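First the structure, in the form of structure tokens, and then the observations on it.
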Amino acid sequence: SQLSGFEPFPLGGLDRGEARVLVDRLADGNLPAPLAGRLIDRTDGNPMLIRLALGPAGQCGSDPAALVERLEAQSGVSAYLLRATLAGLTGPGRLLVALLAVFRHPVDLLDERLIEASVALEGSYDVLGGIEELRRRQLVEHAARAALHPLVRDHVYAGLAGDTGRRRRLHRLAAAHCEQVLADPLEAGWHYSRAGEPAEAADLLVASVPELTLSGRCARAADLATELLAGGQLAEDATRQLLVARGDLLAHTERAGEAEDSYRDAFARPAPPAVRAGVAWRLAQCMLQRGQVADALDLCRAAGAGLSAGDGMLSAHLATVEGQAHLMLSDYDQAAATATRALDLADQVAAVTAVDAAGIQCRALGVLGVVERLRGQPDEARRMLRRSLAAARTARRRDMVGRALFNLAAIAHEHGELDSAERLYAEALAEMRSIGDGFGTAGVLHSLGKIHFHRCAADEAMALFLESVALRRRLGDAQGAANSEHSYAHVLLSVGRTGEARKLLAAALRTTADLGERRSRGHYLDSLAMIA
């Protein structure tokens, strides 16, 4: 109990360096570094828990990973937790500990909405008395940012397995709090899934894709979607919508191959033509990034053939992707005509849904801007790309904001305005990295490599080109990787490594032979002619 005239002073765990020294000594250096780090995380650096985990002889056993991950179930650790922290808790204290064990982040125990929800669930209790008890036992330090020690949390949560009904009710409470109070759809969806309500979790993910993308949490949200899909408890429509949402979350990331698989799964399911077209343009756009240009174009044309005059929004999306495909095939007249048609269709639906129309406009204007740039019309290209940038910001499409900035930087770069180009590339990179846009990031790395090459910094240029190549290969972007290798070959030429440059360019011609992008192949052939 607290002594009169004294304030409690909580003693935290060891810092990571101190904890690592203790782990290495107790385990005789036999615990791999990643597992040692995980053990420190789970014990929060508490030296007593580290000693109990590794035992008096420092034996890690035959499965050290299992030892670390199931630490709360180890008899010595479990007994210590019960004796030192949890034994003799009153009813209010036990309720608050159970509530904290369900949440995965610190919560405000004084939040009136949380208190009302917990009273409605468990009945009236002494909230302030319970909080004071947890503080006195040093289970929590700040009531407004309350969180249990990781092992205490795991121990209490494991104990809730004996009453699955109560655990689900607590998760349902946490889900509602995360959704309505904290405005965190990802955490709310996770709690709904643990509350036995996968349909609620799926609906929340589907509705929150733009928000989750803007906050850079695509990968975690996609993992939750995968878990919900694997459960097999969703209706057919909900399954298709969640597959599309998973594709949207991963389409620009290094997991773009998984996005394509999700779109294909959704597209293969029976549905009306308009529903299939909504999946088709997303799938086609994903295919474009991964070099499947001709197939993407065929897919858009087939999907568009089944639409009616009332499907203007879907027709506009399909036309936008077709324009991008024609651009990638170096068919500039057709690219411009198709993108202009997409703009006309977007204008027709703008009065009904301005944000969606802006999303189409930013991509179509991007196509027109790049066409004008490649035709040698920089002023018109800049005008189109600035309009694309404004539309992207209206649509809250950070991926397209990044691409518009990138293309504006490319124009500055081509006209020798290297400082301006570098500044715009940096702005684009910040947008792209914030949402995990691997394709855009790889493009900026490539372009920064070219700037370093123009400034005669060969080593820095080669490092950036190699980073871009590696990223593009992970993304499945064969054309992009070949383009970066082409630029890398030019650096090799500049330092006299002609044979290596020839091999790279010959390989680039082979790997891109079936992709149909004629402009890049022209550059490869021109460079090979220089070498010859």
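Identifiers in this document derive from the order of the structure tokens: chains are assigned A, B, ..., residues are numbered from 1 separately in each chain, and ligands are numbered from 1 in order of occurrence.
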
>> Which of region 280-423 of chain A end up as helix (DSSP H, G or I) when DSSP is run on this backbone - answer as a PyMOL selection string?
In response: chain A and resi 280-289+293-305+312-328+332-349+354-374+378-395+398-414+418-423

> Mind pulling up the distance from CA of Glu427 (chain A) to CA of His317 (chain A)?
Replying inline: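 A separation of 26.9 Å between them.
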
Name the residues in contact with region 221-228 of chain A at a cut-off of 10 Å, using only C-alpha atoms, excluding same-chain residues fewer than 6 positions from it; report them as an mmCIF file with N, CA, C and O atoms, in the first residue's frame.
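Done, and the output landed in out03.cif:
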data_model
loop_
_atom_site.group_PDB
_atom_site.id
_atom_site.type_symbol
_atom_site.label_atom_id
_atom_site.label_comp_id
_atom_site.auth_asym_id
_atom_site.auth_seq_id
_atom_site.Cartn_x
_atom_site.Cartn_y
_atom_site.Cartn_z
ATOM 1 N N PRO A 185 -10.846 2.627 -38.543
ATOM 2 C CA PRO A 185 -11.556 1.495 -39.134
ATOM 3 C C PRO A 185 -10.762 0.192 -39.143
ATOM 4 O O PRO A 185 -11.344 -0.883 -39.058
ATOM 5 N N LEU A 186 -9.438 0.283 -39.234
ATOM 6 C CA LEU A 186 -8.639 -0.937 -39.266
ATOM 7 C C LEU A 186 -8.702 -1.663 -37.928
ATOM 8 O O LEU A 186 -8.939 -2.875 -37.870
ATOM 9 N N GLU A 187 -8.502 -0.921 -36.846
ATOM 10 C CA GLU A 187 -8.552 -1.550 -35.532
ATOM 11 C C GLU A 187 -9.967 -2.018 -35.212
ATOM 12 O O GLU A 187 -10.160 -3.085 -34.630
ATOM 13 N N GLY A 189 -12.168 -3.021 -37.392
ATOM 14 C CA GLY A 189 -12.400 -4.241 -38.179
ATOM 15 C C GLY A 189 -11.769 -5.458 -37.533
ATOM 16 O O GLY A 189 -12.365 -6.545 -37.528
ATOM 17 N N TRP A 190 -10.574 -5.273 -36.990
ATOM 18 C CA TRP A 190 -9.910 -6.396 -36.307
ATOM 19 C C TRP A 190 -10.747 -6.865 -35.121
ATOM 20 O O TRP A 190 -10.920 -8.067 -34.903
ATOM 21 N N SER A 193 -13.808 -8.787 -36.215
ATOM 22 C CA SER A 193 -13.473 -10.159 -36.618
ATOM 23 C C SER A 193 -13.326 -11.064 -35.398
ATOM 24 O O SER A 193 -13.741 -12.223 -35.414
ATOM 25 N N GLU A 197 -17.972 -11.313 -35.898
ATOM 26 C CA GLU A 197 -18.805 -10.562 -36.838
ATOM 27 C C GLU A 197 -17.983 -10.210 -38.084
ATOM 28 O O GLU A 197 -17.671 -9.045 -38.348
ATOM 29 N N PRO A 198 -17.603 -11.223 -38.884
ATOM 30 C CA PRO A 198 -16.759 -10.966 -40.050
ATOM 31 C C PRO A 198 -17.410 -10.064 -41.088
ATOM 32 O O PRO A 198 -16.719 -9.307 -41.776
ATOM 33 N N ALA A 199 -18.734 -10.126 -41.224
ATOM 34 C CA ALA A 199 -19.404 -9.279 -42.214
ATOM 35 C C ALA A 199 -19.250 -7.801 -41.856
ATOM 36 O O ALA A 199 -19.031 -6.950 -42.734
ATOM 37 N N ALA A 201 -16.775 -6.520 -40.137
ATOM 38 C CA ALA A 201 -15.376 -6.189 -40.389
ATOM 39 C C ALA A 201 -15.133 -5.960 -41.884
ATOM 40 O O ALA A 201 -14.449 -5.005 -42.279
ATOM 41 N N ALA A 202 -15.700 -6.826 -42.723
ATOM 42 C CA ALA A 202 -15.509 -6.701 -44.171
ATOM 43 C C ALA A 202 -16.133 -5.414 -44.692
ATOM 44 O O ALA A 202 -15.520 -4.694 -45.495
ATOM 45 N N LEU A 205 -13.883 -2.464 -43.852
ATOM 46 C CA LEU A 205 -12.684 -2.390 -44.690
ATOM 47 C C LEU A 205 -13.022 -1.876 -46.085
ATOM 48 O O LEU A 205 -12.318 -1.016 -46.629
ATOM 49 N N VAL A 206 -14.088 -2.399 -46.675
ATOM 50 C CA VAL A 206 -14.480 -1.999 -48.032
ATOM 51 C C VAL A 206 -14.766 -0.498 -48.086
ATOM 52 O O VAL A 206 -14.354 0.193 -49.025
ATOM 53 N N SER A 208 -13.540 1.780 -46.200
ATOM 54 C CA SER A 208 -12.442 2.608 -45.670
ATOM 55 C C SER A 208 -11.171 2.543 -46.498
ATOM 56 O O SER A 208 -10.122 3.014 -46.047
ATOM 57 N N VAL A 209 -11.216 1.969 -47.699
ATOM 58 C CA VAL A 209 -10.002 1.827 -48.500
ATOM 59 C C VAL A 209 -9.291 3.163 -48.739
ATOM 60 O O VAL A 209 -8.070 3.266 -48.539
ATOM 61 N N LEU A 212 -7.603 4.261 -45.465
ATOM 62 C CA LEU A 212 -6.495 3.387 -45.088
ATOM 63 C C LEU A 212 -5.300 3.595 -46.012
ATOM 64 O O LEU A 212 -4.146 3.521 -45.578
ATOM 65 N N THR A 213 -5.570 3.889 -47.277
ATOM 66 C CA THR A 213 -4.489 4.171 -48.217
ATOM 67 C C THR A 213 -3.783 5.471 -47.859
ATOM 68 O O THR A 213 -2.552 5.551 -47.836
ATOM 69 N N LEU A 234 -18.324 -15.209 -45.333
ATOM 70 C CA LEU A 234 -18.946 -14.046 -45.960
ATOM 71 C C LEU A 234 -19.863 -14.464 -47.101
ATOM 72 O O LEU A 234 -19.622 -15.469 -47.778
ATOM 73 N N THR A 239 -17.896 -11.154 -50.324
ATOM 74 C CA THR A 239 -16.597 -11.729 -50.686
ATOM 75 C C THR A 239 -16.002 -11.010 -51.887
ATOM 76 O O THR A 239 -14.821 -10.644 -51.888
ATOM 77 N N LEU A 242 -14.835 -7.530 -50.924
ATOM 78 C CA LEU A 242 -13.620 -7.553 -50.106
ATOM 79 C C LEU A 242 -12.407 -7.932 -50.955
ATOM 80 O O LEU A 242 -11.303 -7.412 -50.728
ATOM 81 N N LEU A 243 -12.589 -8.800 -51.934
ATOM 82 C CA LEU A 243 -11.496 -9.125 -52.848
ATOM 83 C C LEU A 243 -11.045 -7.883 -53.611
ATOM 84 O O LEU A 243 -9.845 -7.625 -53.777
ATOM 85 N N ALA A 245 -11.493 -4.746 -52.639
ATOM 86 C CA ALA A 245 -10.866 -3.846 -51.672
ATOM 87 C C ALA A 245 -9.429 -4.272 -51.383
ATOM 88 O O ALA A 245 -8.522 -3.423 -51.294
ATOM 89 N N ARG A 246 -9.206 -5.574 -51.250
ATOM 90 C CA ARG A 246 -7.845 -6.067 -51.010
ATOM 91 C C ARG A 246 -6.941 -5.721 -52.187
ATOM 92 O O ARG A 246 -5.782 -5.319 -52.022
ATOM 93 N N GLY A 247 -7.473 -5.868 -53.407
ATOM 94 C CA GLY A 247 -6.704 -5.476 -54.583
ATOM 95 C C GLY A 247 -6.368 -3.996 -54.579
ATOM 96 O O GLY A 247 -5.238 -3.603 -54.857
ATOM 97 N N ASP A 248 -7.357 -3.159 -54.236
ATOM 98 C CA ASP A 248 -7.125 -1.718 -54.189
ATOM 99 C C ASP A 248 -6.041 -1.354 -53.175
ATOM 100 O O ASP A 248 -5.229 -0.446 -53.402
ATOM 101 N N LEU A 249 -6.034 -2.061 -52.046
ATOM 102 C CA LEU A 249 -5.060 -1.771 -50.988
ATOM 103 C C LEU A 249 -3.631 -2.124 -51.408
ATOM 104 O O LEU A 249 -2.668 -1.474 -50.999
ATOM 105 N N LEU A 250 -3.488 -3.159 -52.226
ATOM 106 C CA LEU A 250 -2.155 -3.669 -52.564
ATOM 107 C C LEU A 250 -1.671 -3.294 -53.959
ATOM 108 O O LEU A 250 -0.523 -3.551 -54.301
ATOM 109 N N ARG A 255 3.356 -5.844 -53.183
ATOM 110 C CA ARG A 255 2.491 -7.033 -53.239
ATOM 111 C C ARG A 255 1.462 -6.907 -54.361
ATOM 112 O O ARG A 255 0.362 -7.428 -54.275
ATOM 113 N N GLU A 258 -0.253 -10.015 -55.569
ATOM 114 C CA GLU A 258 -1.399 -10.457 -54.767
ATOM 115 C C GLU A 258 -2.643 -9.649 -55.125
ATOM 116 O O GLU A 258 -3.758 -10.187 -55.129
ATOM 117 N N ALA A 259 -2.459 -8.355 -55.406
ATOM 118 C CA ALA A 259 -3.592 -7.524 -55.821
ATOM 119 C C ALA A 259 -4.201 -8.066 -57.104
ATOM 120 O O ALA A 259 -5.434 -8.195 -57.224
ATOM 121 N N SER A 262 -6.254 -11.086 -56.412
ATOM 122 C CA SER A 262 -7.531 -10.744 -55.787
ATOM 123 C C SER A 262 -8.528 -10.247 -56.825
ATOM 124 O O SER A 262 -9.701 -10.647 -56.830
#

> When distances are computed from only C-alpha atoms, which of A:His149, A:Arg16, A:His191, A:His446 shows the smallest separation from Arg168 (chain A)?
Replying inline: A:His191

> Hey, what's within 12 Å of Asp298 (chain A) if we count only C-alpha atoms and toss same-chain stuff fewer than 3 positions away? As a PyMOL selection string, please?
Replying inline: chain A and resi 280-281+283-284+287-288+292-295+301-305+318-319+321-322+325-326

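Residues in contact with Ala271 (chain A) at up to 12 Å, not including ones fewer than 3 positions away on its chain and judged by only C-alpha atoms, are Glu236, Asp237, Arg240, Gln241, Ala266, Phe267, Ala268, Ala274, Val275, Arg276, Ala277, Gly278, Val279, Ala280 and Gly306 of chain A.
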
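With CA of Leu204 (chain A) on one side and CA of Gly232 (chain A) on the other, the separation reads 17.2 Å.
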
> What's the 12 Å shell around Asn407 (chain A), counting only C-alpha atoms, without same-chain residues fewer than 4 positions away, as an MDAnalysis selection string?
Replying inline: chainID A and resid 365:374 378 381:386 388:389 400:403 411:414 421:422 424:425 427:428 440 443:444 447

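Nearest residue to Arg473 (chain A), choosing from A:Val355, A:Ala117, A:Leu26, A:Ala256 and counting only C-alpha atoms: A:Ala256.
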
>> Give me the residues near Ala470 (chain A) as a list in words, where near means some atom within 9 Å (using only C-alpha atoms) and where sequence neighbours in that chain fewer than 4 positions away do not count.
In response: Ala442, Phe465, Leu466, Arg474, Leu475 and Ala481 of chain A

Please save N, CA, C and O atoms of the selected residues as an mmCIF file, in the first residue's frame.
data_model
loop_
_atom_site.group_PDB
_atom_site.id
_atom_site.type_symbol
_atom_site.label_atom_id
_atom_site.label_comp_id
_atom_site.auth_asym_id
_atom_site.auth_seq_id
_atom_site.Cartn_x
_atom_site.Cartn_y
_atom_site.Cartn_z
ATOM 1 N N ALA A 442 9.898 3.610 -57.422
ATOM 2 C CA ALA A 442 10.939 3.102 -58.321
ATOM 3 C C ALA A 442 11.198 4.085 -59.460
ATOM 4 O O ALA A 442 12.354 4.305 -59.854
ATOM 5 N N PHE A 465 20.121 3.548 -59.632
ATOM 6 C CA PHE A 465 19.587 2.680 -60.686
ATOM 7 C C PHE A 465 19.437 1.237 -60.186
ATOM 8 O O PHE A 465 18.435 0.571 -60.463
ATOM 9 N N LEU A 466 20.433 0.749 -59.456
ATOM 10 C CA LEU A 466 20.348 -0.621 -58.939
ATOM 11 C C LEU A 466 19.208 -0.766 -57.934
ATOM 12 O O LEU A 466 18.519 -1.790 -57.903
ATOM 13 N N ARG A 474 10.928 -6.739 -57.815
ATOM 14 C CA ARG A 474 10.037 -7.234 -56.754
ATOM 15 C C ARG A 474 8.577 -6.939 -57.085
ATOM 16 O O ARG A 474 7.681 -7.694 -56.720
ATOM 17 N N LEU A 475 8.346 -5.840 -57.786
ATOM 18 C CA LEU A 475 6.984 -5.452 -58.163
ATOM 19 C C LEU A 475 6.462 -6.241 -59.359
ATOM 20 O O LEU A 475 5.268 -6.198 -59.653
ATOM 21 N N ALA A 481 12.123 -2.313 -64.946
ATOM 22 C CA ALA A 481 13.451 -2.812 -64.586
ATOM 23 C C ALA A 481 14.407 -2.699 -65.764
ATOM 24 O O ALA A 481 15.576 -2.304 -65.609
#

> What is the CA of Leu22 (chain A)-CA of Asp154 (chain A) distance in Å, reported with one decimal?
Replying inline: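 A separation of 22.9 Å between them.
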